[in-house]
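Undergrad: Next up is a structure, given as structure tokens.
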Amino acid sequence: MLKRKLYLCLTAAVLISGFCFNAQPAQAQTKGTDHITPQLKIQKKLTDEQLLDLVQKQTFRYFWDFGHPVSGMARERSNRSFDYGDEVVTTGGTGFGVMATIVASERKFITREQAAARTKKIVDFLWKADMFHGAFPHWLNGETGKVIRFSPKDDGADLVETSFLFQGLLTARQYYTADNAVENDIRNRILWMWEGIEWNWFTQQQNVLYWHWSPNNDWSMNHQLKGWNECFITYVLAASSPKFAIDKRVYEDGWANSNTFFNGKKFLGITLPLGFDFGGPLFFTHYSFLGLDPRGLKDRYADYFEQNKNHTLINHAYCVENPKHYKGYGENSWGLTASDSWQGYAAHSPTEDLGVISPTAALSAFPYTPEYSMKALKHFYFDLGDKIWSEYGFVDGFSEEHNWYAKSHLAIDQGPIICMIENYRSGLLWKLFMSSPDVKKGLDKLGIESKP
């Protein structure tokens with residue numbers, strides 16, 4: 001089985017995965033009148049705004065045309081590997097897709113009515129799907145709603161994937177505010193599911209959150225959520241819960257009490273407040289911040305916009321310096337994060353550099369490094385488009401050093417491209433998510449300041 005999971009290894013989150021060789025394309029949705037036609041021919045005279053529109057729209061096709069036909073949920077990836085089949089859908093990636101659908105509605109790629117109908121299909125499916133103490137598993141069967149185990153003991157609740165999902169659903173609840181049957185139903189069912197997540201139960205009465213629980217294997221996976229990594233949003237939402245909120249001490253004694261939390265050293269002349277040396281893969285700056293606005297977000301540990309910007313600048317500077325002398329690295333081709341590679345799936349970063357550039361890394365960094373991200377986008381599209389531009393936007397990764405260009409796409413990589421480009425352009429998703437009264441209360445409870 002294909003494996004793609006964020007695990008805590010020692011005291012930190014590390015991505016691990018199986019190989020994706022001999023992969024076959026999965027089946028797309030049945031194409032109907034709402035099909036978005038892909039633009040596969042490279043258009044040489046696009047303005048910056050036209051290029052951003054094109055990338056957002058074509059990448060959105062991953063969630064729209066390739067979404068599961070029964071549930072509307074996002075597929076984990078666009079290809080099959082081994083016994084990984086068409087019915088597997090991902091909860092966290094679906095949260096990203098729900099947010100991307102809001103962007104598509106506002107950008108007029110689809111109508112608001114189409115966006116609401118798809119979102120209702122997803123919410124109605126989740127309402128009947130397997131959940132455990134209110135939390136969802138990483139994978140579901142997109143036809144039946146039954147859990148599909150991710151690994152031998154991972155066949156129950158996944159708190160981190162649940163937080164990615166509900167970052168999207170709470171954003172949707174703030175967006176679909178019309179007084180009609182469809183949008184009323186979206187809001188109500190999201191609220192009922194949101195209120196039912198037993199975040200504090202996942203502490204095992206300790207001052208830390210645990211990632212997994214299984215009805216068959218209990219707490220045997222035993223992964224504590226300690227930072228700095230992609231799980232920041234999990235603690236924010238756990239504190240924001242209207243019925244099952246964690247105490248502030250869980251955040252302080254669990255999340256922030258780790259030898260990989262504080263850093264403060266300089267890398268390539270840039271100070272990194274938190275996290276691994278050189279920052280780790282760039283998805284740390286993306287997944288929690290599709291809805292959570294880092295601008296003006298700070299507590300006694302860090303200014304989170306500074307944290308994310310500096311992490312991105314270190315990643316960019318490393319690729320420009322290119323100490324391993326890989327072909328294709330440079331000012332216009334940069335970005336190391338978890339993605340497929342010529343060796344399988346890997347958590348690419350300056351300390352795990354396999355010569356693979358992941359387009360999502362630079363493109364999802366637009367809010368932090370717009371000039372550098374735009375240079376990368378133009379290079380990816382105009383110069384490399386014949387190799388890496390596809391019906392679902394850019395492929396998951398490429399290596400000019402190894403003459404390797406992925407054919408695959410992953411929900412958790414395509415979604416942030418759409419959402420973070422939109423946050424750079426309009427701040428849309430940040431405004432919606434941060435307008436949630438529960439989120440405001442949760443941030444205040446944790447002592448995290450946010451932009452007024």
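Convention: chains lettered A, B, ... in structure tokens order; per-chain residue numbering from 1; ligands numbered from 1 as shown.
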Which residues come within 9 Å of Asn423 of chain A, counting only C-alpha atoms, excluding same-chain residues fewer than 5 positions away, as a list of chain:residue names?
TA: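 Those residues are A:Leu290, A:Gly291, A:Asp293, A:Phe366, A:Pro367, A:Ile418, A:Leu428, A:Leu429, A:Trp430, A:Lys431.
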Undergrad: Now that the selection is made, can you save its residues with all heavy atoms as a JSON list (two decimals), in the first residue's frame?
TA:
```json
[["chain", "number", "residue", "atom", "x", "y", "z"],
["A", 290, "LEU", "N", -3.43, 28.07, 5.87],
["A", 290, "LEU", "CA", -4.37, 28.31, 4.78],
["A", 290, "LEU", "C", -5.51, 29.20, 5.28],
["A", 290, "LEU", "O", -6.02, 30.05, 4.55],
["A", 290, "LEU", "CB", -4.93, 27.00, 4.25],
["A", 290, "LEU", "CG", -3.95, 25.96, 3.72],
["A", 290, "LEU", "CD1", -4.69, 24.85, 3.00],
["A", 290, "LEU", "CD2", -2.90, 26.57, 2.82],
["A", 291, "GLY", "N", -5.91, 28.99, 6.54],
["A", 291, "GLY", "CA", -6.95, 29.84, 7.14],
["A", 291, "GLY", "C", -6.41, 30.73, 8.24],
["A", 291, "GLY", "O", -6.86, 31.86, 8.41],
["A", 293, "ASP", "N", -4.35, 33.30, 9.78],
["A", 293, "ASP", "CA", -3.61, 34.43, 9.21],
["A", 293, "ASP", "C", -2.36, 34.72, 10.03],
["A", 293, "ASP", "O", -2.46, 35.13, 11.19],
["A", 293, "ASP", "CB", -4.53, 35.66, 9.19],
["A", 293, "ASP", "CG", -3.94, 36.85, 8.45],
["A", 293, "ASP", "OD1", -2.74, 36.81, 8.10],
["A", 293, "ASP", "OD2", -4.67, 37.83, 8.23],
["A", 366, "PHE", "N", 3.74, 32.35, -1.73],
["A", 366, "PHE", "CA", 3.48, 33.69, -2.25],
["A", 366, "PHE", "C", 3.25, 34.74, -1.16],
["A", 366, "PHE", "O", 3.75, 35.87, -1.28],
["A", 366, "PHE", "CB", 2.30, 33.67, -3.22],
["A", 366, "PHE", "CG", 2.70, 33.77, -4.67],
["A", 366, "PHE", "CD1", 2.79, 32.64, -5.45],
["A", 366, "PHE", "CD2", 3.00, 35.00, -5.23],
["A", 366, "PHE", "CE1", 3.17, 32.72, -6.79],
["A", 366, "PHE", "CE2", 3.38, 35.10, -6.56],
["A", 366, "PHE", "CZ", 3.47, 33.96, -7.34],
["A", 367, "PRO", "N", 2.52, 34.45, -0.08],
["A", 367, "PRO", "CA", 2.33, 35.49, 0.94],
["A", 367, "PRO", "C", 3.61, 35.92, 1.65],
["A", 367, "PRO", "O", 3.70, 37.04, 2.16],
["A", 367, "PRO", "CB", 1.38, 34.83, 1.94],
["A", 367, "PRO", "CG", 0.68, 33.76, 1.17],
["A", 367, "PRO", "CD", 1.72, 33.26, 0.21],
["A", 418, "ILE", "N", -3.49, 26.83, -4.52],
["A", 418, "ILE", "CA", -4.67, 27.65, -4.76],
["A", 418, "ILE", "C", -4.93, 28.60, -3.60],
["A", 418, "ILE", "O", -5.15, 29.81, -3.79],
["A", 418, "ILE", "CB", -5.91, 26.75, -4.96],
["A", 418, "ILE", "CG1", -5.68, 25.75, -6.09],
["A", 418, "ILE", "CG2", -7.16, 27.58, -5.23],
["A", 418, "ILE", "CD1", -6.63, 24.56, -6.07],
["A", 428, "LEU", "N", -8.55, 36.38, 1.23],
["A", 428, "LEU", "CA", -9.91, 35.88, 1.35],
["A", 428, "LEU", "C", -10.07, 34.82, 2.43],
["A", 428, "LEU", "O", -10.92, 34.94, 3.32],
["A", 428, "LEU", "CB", -10.37, 35.30, 0.00],
["A", 428, "LEU", "CG", -11.69, 34.52, -0.01],
["A", 428, "LEU", "CD1", -12.86, 35.45, 0.29],
["A", 428, "LEU", "CD2", -11.88, 33.81, -1.34],
["A", 429, "LEU", "N", -9.29, 33.76, 2.36],
["A", 429, "LEU", "CA", -9.47, 32.64, 3.29],
["A", 429, "LEU", "C", -9.03, 33.02, 4.70],
["A", 429, "LEU", "O", -9.64, 32.57, 5.68],
["A", 429, "LEU", "CB", -8.70, 31.42, 2.79],
["A", 429, "LEU", "CG", -9.14, 30.93, 1.41],
["A", 429, "LEU", "CD1", -8.20, 29.84, 0.90],
["A", 429, "LEU", "CD2", -10.58, 30.44, 1.41],
["A", 430, "TRP", "N", -8.01, 33.84, 4.80],
["A", 430, "TRP", "CA", -7.60, 34.34, 6.11],
["A", 430, "TRP", "C", -8.73, 35.13, 6.76],
["A", 430, "TRP", "O", -9.01, 34.96, 7.94],
["A", 430, "TRP", "CB", -6.35, 35.22, 5.96],
["A", 430, "TRP", "CG", -5.08, 34.46, 5.71],
["A", 430, "TRP", "CD1", -4.87, 33.13, 5.93],
["A", 430, "TRP", "CD2", -3.86, 34.99, 5.22],
["A", 430, "TRP", "NE1", -3.57, 32.81, 5.60],
["A", 430, "TRP", "CE2", -2.93, 33.92, 5.16],
["A", 430, "TRP", "CE3", -3.45, 36.26, 4.81],
["A", 430, "TRP", "CZ2", -1.62, 34.10, 4.72],
["A", 430, "TRP", "CZ3", -2.14, 36.44, 4.37],
["A", 430, "TRP", "CH2", -1.24, 35.38, 4.33],
["A", 431, "LYS", "N", -9.36, 36.00, 5.99],
["A", 431, "LYS", "CA", -10.45, 36.81, 6.54],
["A", 431, "LYS", "C", -11.61, 35.95, 7.02],
["A", 431, "LYS", "O", -12.18, 36.18, 8.09],
["A", 431, "LYS", "CB", -10.94, 37.80, 5.48],
["A", 431, "LYS", "CG", -9.95, 38.88, 5.10],
["A", 431, "LYS", "CD", -10.44, 39.68, 3.89],
["A", 431, "LYS", "CE", -9.38, 40.65, 3.40],
["A", 431, "LYS", "NZ", -9.79, 41.34, 2.14]]
```
Undergrad: Give me the residues within 12 Å of Asp277 of chain A as a list in words, counting only C-alpha atoms and dropping any in the same chain fewer than 4 places off.
TA: Ala12, Trp228, Asn259, Thr260, Phe261, Phe262, Asn263, Gly264, Lys265, Lys266, Phe267, Leu268, Ile270, Thr271, Leu272, Pro273, Pro281, His311, Ile314, Asn315, Ser349, Pro350, Thr351 and Glu352 of chain A
Undergrad: Go ahead and save the residues from that selection, with C-alpha atoms, as a tab-separated table (two decimals), in the first residue's frame.
TA:
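Contents of part30.tsv, freshly written:
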```tsv
chain	number	residue	atom	x	y	z
A	12	ALA	CA	9.50	15.99	15.67
A	228	TRP	CA	7.43	23.20	15.77
A	259	ASN	CA	13.67	20.26	22.09
A	260	THR	CA	12.68	20.94	18.47
A	261	PHE	CA	10.48	23.93	19.32
A	262	PHE	CA	12.88	26.81	19.97
A	263	ASN	CA	15.75	27.55	17.62
A	264	GLY	CA	16.98	31.16	17.39
A	265	LYS	CA	20.09	30.37	15.31
A	266	LYS	CA	21.05	31.87	11.96
A	267	PHE	CA	21.10	29.83	8.78
A	268	LEU	CA	22.52	31.45	5.65
A	270	ILE	CA	18.70	34.46	8.41
A	271	THR	CA	17.44	33.97	11.97
A	272	LEU	CA	15.00	31.11	12.50
A	273	PRO	CA	12.92	31.56	15.69
A	281	PRO	CA	10.18	21.10	4.70
A	311	HIS	CA	11.85	29.71	7.09
A	314	ILE	CA	16.29	30.09	4.29
A	315	ASN	CA	14.83	27.50	1.94
A	349	SER	CA	14.43	20.10	2.92
A	350	PRO	CA	17.96	21.55	3.13
A	351	THR	CA	18.87	18.65	5.42
A	352	GLU	CA	17.20	16.06	3.16
```
Undergrad: Show me a table, sorted first by chain and then by increasing residue number, of the residues of segment 128-244 of chain A having an atom at most 7 Å from segment 432-451 of chain A, each with its shortest atom pair and the distance in Å to one decimal, counting only C-alpha atoms and written as a Markdown table.
TA:
```
| residue | atom | partner | partner_atom | distance |
| --- | --- | --- | --- | --- |
| A:Leu170 | CA | A:Phe433 | CA | 6.4 |
| A:Thr171 | CA | A:Phe433 | CA | 4.6 |
| A:Gln174 | CA | A:Leu432 | CA | 5.7 |
| A:Tyr175 | CA | A:Leu432 | CA | 6.6 |
| A:Val236 | CA | A:Gly442 | CA | 6.2 |
| A:Leu237 | CA | A:Val439 | CA | 6.9 |
| A:Ala239 | CA | A:Gly442 | CA | 4.7 |
| A:Ser240 | CA | A:Gly442 | CA | 3.8 |
| A:Ser241 | CA | A:Asp438 | CA | 6.8 |
| A:Pro242 | CA | A:Asp438 | CA | 6.8 |
```
Undergrad: Go ahead and write the residues just picked, C-alpha atoms, as a short mmCIF file (atom, residue, chain, number, x, y, z; two decimals), in the first residue's frame.
TA:
```cif
data_model
loop_
_atom_site.label_atom_id
_atom_site.label_comp_id
_atom_site.auth_asym_id
_atom_site.auth_seq_id
_atom_site.Cartn_x
_atom_site.Cartn_y
_atom_site.Cartn_z
CA LEU A 170 -15.00 26.40 9.56
CA THR A 171 -13.89 28.64 6.70
CA GLN A 174 -18.15 31.65 7.50
CA TYR A 175 -18.54 31.81 3.70
CA VAL A 236 -5.48 26.29 17.86
CA LEU A 237 -8.65 24.38 16.98
CA ALA A 239 -8.45 25.46 22.17
CA SER A 240 -11.29 26.88 20.06
CA SER A 241 -13.74 24.02 20.62
CA PRO A 242 -17.06 25.24 22.07
#
```
Undergrad: Please provide the set of residues having any atom within 10 Å of Lys45 of chain A, restricted to only C-alpha atoms, with same-chain residues fewer than 5 positions apart removed, written as a PDB file with N, CA and C atoms, in the first residue's frame.
TA:
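This went into around-v8.pdb:
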```
ATOM      1  N   GLN A  50      -2.989  37.222 -15.037  1.00  0.00           N
ATOM      2  CA  GLN A  50      -3.546  36.157 -15.871  1.00  0.00           C
ATOM      3  C   GLN A  50      -2.893  34.811 -15.551  1.00  0.00           C
ATOM      4  N   LEU A  51      -1.600  34.850 -15.285  1.00  0.00           N
ATOM      5  CA  LEU A  51      -0.891  33.618 -14.940  1.00  0.00           C
ATOM      6  C   LEU A  51      -1.376  33.070 -13.604  1.00  0.00           C
ATOM      7  N   PHE A 382       6.623  29.020 -18.004  1.00  0.00           N
ATOM      8  CA  PHE A 382       7.110  29.410 -19.330  1.00  0.00           C
ATOM      9  C   PHE A 382       8.298  28.561 -19.806  1.00  0.00           C
TER      10      PHE A 382
END
```
Undergrad: Could you tell me, as a VMD selection string, which residues of segment 53-281 of chain A DSSP assigns to helix (DSSP H, G or I) when given the backbone?
TA: chain A and resid 53 to 64 91 to 106 112 to 128 159 to 175 181 to 195 199 to 203 232 to 240 248 to 255 277 to 279
